[in-house]
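Here is run_32.txt, consisting of compact mmCIF, C-alpha atoms:
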# COMPACT_ATOMS: atom_id res chain seq x y z
CA MET A 1 47.31 -56.08 -27.05
CA PRO A 2 46.92 -53.46 -24.30
CA ARG A 3 47.33 -50.70 -26.86
CA LEU A 4 44.68 -52.30 -29.04
CA GLU A 5 42.24 -52.60 -26.12
CA GLU A 6 42.90 -49.00 -25.11
CA HIS A 7 42.28 -47.91 -28.68
CA CYS A 8 39.00 -49.80 -28.86
CA TRP A 9 37.89 -48.42 -25.47
CA SER A 10 38.70 -44.87 -26.47
CA CYS A 11 36.82 -45.29 -29.76
CA SER A 12 33.72 -46.66 -28.04
CA CYS A 13 33.77 -43.86 -25.44
CA SER A 14 34.19 -41.15 -28.04
CA ALA A 15 31.38 -42.63 -30.12
CA SER A 16 29.01 -42.66 -27.13
CA VAL A 17 29.97 -39.07 -26.25
CA LYS A 18 29.31 -37.96 -29.83
CA THR A 19 25.97 -39.74 -29.78
CA GLN A 20 24.98 -37.98 -26.54
CA GLU A 21 26.06 -34.62 -27.96
CA LEU A 22 24.03 -35.17 -31.10
CA SER A 23 20.97 -36.18 -29.10
CA SER A 24 21.39 -33.11 -26.85
CA ALA A 25 21.76 -30.86 -29.90
CA ARG A 26 18.63 -32.35 -31.46
CA TRP A 27 16.72 -31.85 -28.21
CA VAL A 28 17.82 -28.20 -28.05
CA VAL A 29 16.85 -27.66 -31.70
CA CYS A 30 13.45 -29.29 -31.16
CA LYS A 31 12.76 -27.24 -28.02
CA THR A 32 13.91 -24.05 -29.73
CA ALA A 33 11.64 -24.69 -32.70
CA GLU A 34 8.77 -25.45 -30.37
CA MET A 35 9.40 -22.26 -28.39
CA MET A 36 9.54 -20.19 -31.56
CA SER A 37 6.26 -21.66 -32.75
CA ILE A 38 4.66 -20.84 -29.37
CA ILE A 39 5.99 -17.27 -29.48
CA THR A 40 4.77 -16.82 -33.06
CA SER A 41 1.30 -18.13 -32.24
CA VAL A 42 1.05 -15.95 -29.11
CA LEU A 43 2.13 -12.82 -31.00
CA SER A 44 -0.25 -13.51 -33.88
CA HIS A 45 -3.07 -14.14 -31.41
CA ALA A 46 -2.26 -10.90 -29.58
CA TYR A 47 -2.17 -8.92 -32.83
CA GLY A 48 -5.45 -10.40 -34.04
CA SER A 49 -7.11 -9.79 -30.67
CA LEU A 50 -5.84 -6.22 -30.57
CA HIS A 51 -7.02 -5.50 -34.12
CA SER A 52 -10.48 -6.95 -33.49
CA LEU A 53 -10.71 -5.15 -30.16
CA GLN A 54 -9.73 -1.83 -31.71
CA SER A 55 -12.36 -2.20 -34.43
CA ALA A 56 -15.05 -3.20 -31.94
CA ASN A 57 -14.14 -0.38 -29.55
CA LEU A 58 -14.10 2.15 -32.39
CA ILE A 59 -17.62 1.17 -33.38
CA ARG A 60 -18.75 1.13 -29.76
CA ARG A 61 -17.30 4.57 -29.03
CA GLY A 62 -18.81 5.99 -32.21
CA LEU A 63 -22.22 4.60 -31.28
CA VAL A 64 -22.05 6.10 -27.79
CA LEU A 65 -21.01 9.49 -29.17
CA PHE A 66 -23.78 9.33 -31.77
CA ILE A 67 -26.39 8.72 -29.07
CA VAL A 68 -25.01 11.57 -26.97
CA GLY A 69 -25.19 13.91 -29.97
CA VAL A 70 -28.77 12.88 -30.75
CA VAL A 71 -29.94 13.43 -27.17
CA LEU A 72 -28.24 16.83 -26.87
CA ALA A 73 -29.63 17.91 -30.25
CA LEU A 74 -33.19 16.98 -29.31
CA VAL A 75 -33.08 18.72 -25.93
CA LEU A 76 -31.21 21.87 -26.96
CA ASN A 77 -33.05 22.37 -30.24
CA LEU A 78 -36.36 22.07 -28.40
CA LEU A 79 -35.22 24.86 -26.08
CA GLN A 80 -34.31 27.07 -29.05
CA ILE A 81 -37.71 26.46 -30.69
CA GLN A 82 -39.65 27.22 -27.50
CA ARG A 83 -37.84 30.55 -27.17
CA ASN A 84 -38.47 31.36 -30.87
CA VAL A 85 -34.75 31.54 -31.59
CA THR A 86 -35.04 29.15 -34.55
CA LEU A 87 -38.06 28.84 -36.81
CA PHE A 88 -39.12 25.70 -38.70
CA PRO A 89 -42.05 24.96 -41.01
CA GLU A 90 -45.39 24.33 -39.30
CA GLU A 91 -45.44 20.60 -40.07
CA VAL A 92 -42.17 20.12 -38.18
CA LEU A 93 -43.67 21.36 -34.91
CA ASP A 94 -46.09 18.41 -34.86
CA THR A 95 -43.32 15.79 -34.97
CA LEU A 96 -41.50 14.12 -32.08
CA PHE A 97 -39.77 16.65 -29.78
CA SER A 98 -40.77 19.40 -32.27
CA SER A 99 -37.56 18.84 -34.19
CA ALA A 100 -36.80 18.08 -37.82
CA TRP A 101 -35.73 14.48 -38.35
CA TRP A 102 -32.41 15.43 -39.93
CA ILE A 103 -31.21 17.55 -36.97
CA PRO A 104 -30.54 14.68 -34.50
CA LEU A 105 -29.00 12.55 -37.26
CA CYS A 106 -26.63 15.32 -38.35
CA CYS A 107 -25.72 16.26 -34.77
CA GLY A 108 -25.19 12.62 -33.81
CA THR A 109 -22.93 12.02 -36.79
CA ALA A 110 -20.97 15.21 -36.08
CA ALA A 111 -20.59 14.22 -32.42
CA ALA A 112 -19.24 10.79 -33.40
CA VAL A 113 -16.73 12.27 -35.85
CA VAL A 114 -15.50 15.01 -33.50
CA GLY A 115 -15.38 12.71 -30.48
CA LEU A 116 -13.25 10.17 -32.35
CA LEU A 117 -10.97 12.85 -33.82
CA TYR A 118 -9.94 14.33 -30.48
CA PRO A 119 -8.00 11.29 -29.10
CA CYS A 120 -6.63 10.53 -32.59
CA LEU A 121 -5.28 14.08 -32.86
CA ASP A 122 -3.76 13.83 -29.38
CA GLN A 123 -2.00 10.60 -30.36
CA HIS A 124 -0.82 12.04 -33.67
CA LEU A 125 0.66 15.12 -32.01
CA GLY A 126 2.23 13.05 -29.25
CA GLU A 127 0.47 15.10 -26.57
CA PRO A 128 -1.67 12.79 -24.43
CA HIS A 129 -4.38 14.75 -22.68
CA LYS A 130 -4.17 14.25 -18.92
CA PHE A 131 -5.96 17.33 -17.58
CA LYS A 132 -8.98 16.33 -15.44
CA ARG A 133 -9.36 12.86 -16.91
CA GLU A 134 -12.32 11.51 -14.94
CA TRP A 135 -16.00 11.06 -15.66
CA ALA A 136 -17.03 13.57 -12.98
CA SER A 137 -15.19 16.31 -14.88
CA VAL A 138 -16.80 15.20 -18.17
CA MET A 139 -20.27 15.37 -16.62
CA ARG A 140 -19.58 18.88 -15.30
CA CYS A 141 -18.43 19.89 -18.77
CA ILE A 142 -21.72 18.63 -20.24
CA ALA A 143 -23.65 20.57 -17.59
CA VAL A 144 -21.76 23.79 -18.43
CA PHE A 145 -22.38 23.25 -22.15
CA VAL A 146 -26.11 22.84 -21.55
CA GLY A 147 -26.01 25.99 -19.39
CA ILE A 148 -24.38 27.96 -22.22
CA ASN A 149 -27.11 26.83 -24.61
CA HIS A 150 -29.75 27.73 -22.03
CA ALA A 151 -28.18 31.17 -21.67
CA SER A 152 -28.27 31.74 -25.42
CA ALA A 153 -32.06 31.28 -25.37
CA LYS A 154 -32.93 32.81 -21.98
CA LEU A 155 -30.65 35.82 -21.52
CA ASP A 156 -31.92 39.15 -22.83
CA PHE A 157 -29.37 41.76 -23.88
CA ALA A 158 -29.68 45.08 -25.62
CA ASN A 159 -28.25 43.55 -28.81
CA ASN A 160 -26.84 40.29 -30.10
CA VAL A 161 -23.26 41.54 -29.93
CA GLN A 162 -23.33 41.74 -26.13
CA LEU A 163 -24.85 38.26 -25.94
CA SER A 164 -22.23 36.93 -28.37
CA LEU A 165 -19.36 38.38 -26.32
CA THR A 166 -20.81 36.88 -23.14
CA LEU A 167 -21.20 33.44 -24.71
CA ALA A 168 -17.71 33.67 -26.21
CA ALA A 169 -16.28 34.31 -22.74
CA LEU A 170 -18.27 31.38 -21.34
CA SER A 171 -17.10 29.09 -24.13
CA LEU A 172 -13.45 30.01 -23.60
CA GLY A 173 -13.97 29.48 -19.88
CA LEU A 174 -15.34 26.00 -20.59
CA TRP A 175 -12.26 25.17 -22.68
CA TRP A 176 -9.89 26.56 -20.02
CA THR A 177 -11.66 24.73 -17.19
CA PHE A 178 -12.02 21.30 -18.79
CA ASP A 179 -9.50 21.08 -21.64
CA ARG A 180 -6.54 23.52 -21.85
CA SER A 181 -4.97 21.71 -24.81
CA ARG A 182 -3.86 23.24 -28.09
CA SER A 183 -5.35 20.38 -30.05
CA GLY A 184 -8.70 20.83 -28.30
CA PHE A 185 -8.70 24.57 -28.98
CA GLY A 186 -7.75 24.15 -32.64
CA LEU A 187 -10.26 21.38 -33.29
CA GLY A 188 -12.94 23.37 -31.45
CA LEU A 189 -12.34 26.37 -33.73
CA THR A 190 -12.43 24.12 -36.80
CA THR A 191 -15.70 22.57 -35.64
CA ALA A 192 -17.21 26.00 -34.99
CA PHE A 193 -16.19 27.29 -38.43
CA LEU A 194 -17.47 24.29 -40.40
CA ALA A 195 -20.70 23.94 -38.40
CA THR A 196 -21.48 27.66 -38.74
CA LEU A 197 -20.84 27.49 -42.49
CA ILE A 198 -23.20 24.52 -42.85
CA ALA A 199 -25.87 26.33 -40.78
CA GLN A 200 -25.57 29.40 -43.00
CA LEU A 201 -26.02 27.26 -46.13
CA LEU A 202 -29.12 25.59 -44.63
CA VAL A 203 -30.69 28.93 -43.73
CA TYR A 204 -29.80 30.38 -47.13
CA ASN A 205 -31.64 27.48 -48.81
CA GLY A 206 -34.72 28.00 -46.64
CA ILE A 207 -34.46 24.80 -44.57
CA TYR A 208 -35.01 26.82 -41.39
CA GLN A 209 -34.26 30.34 -40.15
CA TYR A 210 -33.20 32.37 -37.13
CA THR A 211 -35.04 35.30 -35.64
CA SER A 212 -33.04 38.55 -35.66
CA PRO A 213 -30.06 37.23 -37.68
CA ASP A 214 -27.00 39.47 -37.50
CA PHE A 215 -24.21 37.29 -38.93
CA LEU A 216 -24.87 36.09 -42.49
CA TYR A 217 -28.37 34.65 -41.93
CA VAL A 218 -27.61 33.29 -38.43
CA ARG A 219 -26.98 34.62 -34.93
CA SER A 220 -23.48 35.89 -34.15
CA TRP A 221 -23.28 33.72 -31.02
CA LEU A 222 -23.78 30.46 -32.96
CA PRO A 223 -20.01 29.78 -33.42
CA CYS A 224 -19.62 29.97 -29.62
CA ILE A 225 -22.21 27.21 -29.20
CA PHE A 226 -20.48 25.02 -31.74
CA PHE A 227 -17.07 25.65 -30.17
CA SER A 228 -18.23 24.68 -26.68
CA GLY A 229 -20.07 21.68 -28.13
CA GLY A 230 -16.92 20.49 -29.88
CA VAL A 231 -14.88 20.74 -26.67
CA THR A 232 -17.58 18.89 -24.72
CA VAL A 233 -17.89 16.04 -27.21
CA GLY A 234 -14.09 15.89 -27.44
CA ASN A 235 -13.82 15.35 -23.69
CA ILE A 236 -16.36 12.54 -23.90
CA GLY A 237 -14.40 10.94 -26.75
CA ARG A 238 -11.13 11.20 -24.83
CA GLN A 239 -12.63 9.57 -21.76
CA LEU A 240 -14.05 6.73 -23.85
CA ALA A 241 -10.60 6.27 -25.41
CA ILE A 242 -9.07 5.87 -21.94
CA VAL A 243 -11.52 3.05 -21.21
CA ARG A 244 -10.54 1.46 -24.54
CA ARG A 245 -6.82 1.54 -23.70
CA ILE A 246 -7.45 -0.14 -20.33
CA SER A 247 -9.44 -2.98 -21.92
CA SER A 248 -6.74 -3.39 -24.59
CA TYR A 249 -4.08 -3.69 -21.90
CA PHE A 250 -5.90 -6.50 -20.12
CA LEU A 251 -6.52 -8.33 -23.38
CA LEU A 252 -2.86 -8.12 -24.38
CA THR A 253 -1.53 -9.27 -21.01
CA LYS A 254 -3.49 -12.53 -21.18
CA PRO A 255 -1.53 -14.10 -24.11
CA PHE A 256 1.81 -13.10 -22.59
CA CYS A 257 0.83 -14.71 -19.29
CA CYS A 258 0.25 -17.90 -21.26
CA LEU A 259 3.64 -17.44 -22.91
CA SER A 260 5.40 -17.09 -19.57
CA TYR A 261 3.64 -20.23 -18.32
CA SER A 262 4.81 -22.14 -21.42
CA MET A 263 8.40 -20.99 -20.92
CA GLU A 264 8.30 -22.15 -17.31
CA SER A 265 7.24 -25.61 -18.51
CA PHE A 266 10.53 -25.90 -20.39
When written as structure tokens, how does the structure in this file appear?
Amino acid sequence: MPRLEEHCWSCSCSASVKTQELSSARWVVCKTAEMMSIITSVLSHAYGSLHSLQSANLIRRGLVLFIVGVVLALVLNLLQIQRNVTLFPEEVLDTLFSSAWWIPLCCGTAAAVVGLLYPCLDQHLGEPHKFKREWASVMRCIAVFVGINHASAKLDFANNVQLSLTLAALSLGLWWTFDRSRSGFGLGLTTAFLATLIAQLLVYNGIYQYTSPDFLYVRSWLPCIFFSGGVTVGNIGRQLAIVRRISSYFLLTKPFCCLSYSMESF
């Protein structure tokens, strides 16, 4: 009889222990599944938020760069017309800001493309640009660029070659002062080449013309203007990209804060 009672007692104890172990295992499995679902939802929410934020910021940055290009085109082209550097048909001079309608649109589009390409090229090459990354430096770069354009219309030299060499030195000085990156220099040269080629095609087709052309229908200093303009717009685009990365960081940290709070609740 004692052996039978001991056997029954041991069986009941082992059964209760097994029941508790099964319930504990089920609880762990349920909590693990719940945690995985929370992590999955948080990661999917973070990815969706990041994707939507990147698209919205890309459009916002492009719009800002487009407006900057339009404003610079209107102001600087007006200066060139007043100094009789560029000549347009008579009906154009009666329009707003004495500028053809297609000039601000083309310059704004080019500014948006170039300004978005600069940070993308930096990221692709793995060389983040950190030289003078503040808005004060960007504003000084814009002021120097406007000064170079003003010099191209105001300065009087014996010939265009001397003026071109002077503006080339000023443009390289602008790049060295505010950029100093290989990507910025290469993209600036590419912008100058393509923009000068397009200007030559426009002049060749009689859309407008330059006074005293000395470089295939245009002025020899025109590539210097486009080079300095590309560097200036690139600096604006880089600074806007920095603001985008900061906003992305704060958006991404919010879901993970919620995740940490959920893990603490367990």
Tell me, counting all atoms listed in the file, for each residue of range 191-241 of chain A within 8 Å of range 55-74 of chain A, which pair of atoms is nearest and how far apart they are in Å to one decimal, in rows ordered by chain and increasing number, as CSV.
residue,atom,partner,partner_atom,distance
A:Val233,CA,A:Leu65,CA,7.5
A:Ile236,CA,A:Leu65,CA,7.7
A:Gly237,CA,A:Leu65,CA,7.2
A:Leu240,CA,A:Arg61,CA,6.5
A:Ala241,CA,A:Arg61,CA,7.8
Using CA of Ala168 in chain A and CA of Cys224 in chain A as the two end points, give the distance in Å to one decimal.
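About the pair CA of Ala168 in chain A and CA of Cys224 in chain A: they are 5.4 Å apart.
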The residues within 12 Å of (-23.4, 25.5, -39.6), using only C-alpha atoms and the coordinates of the file, should be reported as a ChimeraX atom specification; which are they?
/A:103,106-107,110,190-204,208-209,215-227
Quote the spacing between CA of Asp179 in chain A and CA of Ala111 in chain A in Å to one decimal place.
16.9 Å
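Across the structure, CA of Val114 in chain A and CA of Ser212 in chain A are spaced 29.4 Å apart.
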With all atoms listed in the file as the counted atoms, please give the residues lying no more than 7 Å from range 139-154 of chain A, apart from itself and same-chain residues fewer than 5 positions off, as a list in words.
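Counting only the stated atoms, we get Leu76, Gln80, Arg83, Val85, Leu167, Phe178, Ile225, Ser228, Gly229 and Thr232 of chain A.
Distances from A:Ala100, A:Leu105, A:Ile207, A:Leu117 to Gly186 in chain A were compared using only C-alpha atoms, and the smallest one belongs to A:Leu117.
Nearest residue to Asn235 in chain A among A:Phe185, A:Phe157, A:Tyr118, A:Tyr210 is A:Tyr118, counting all atoms listed in the file.
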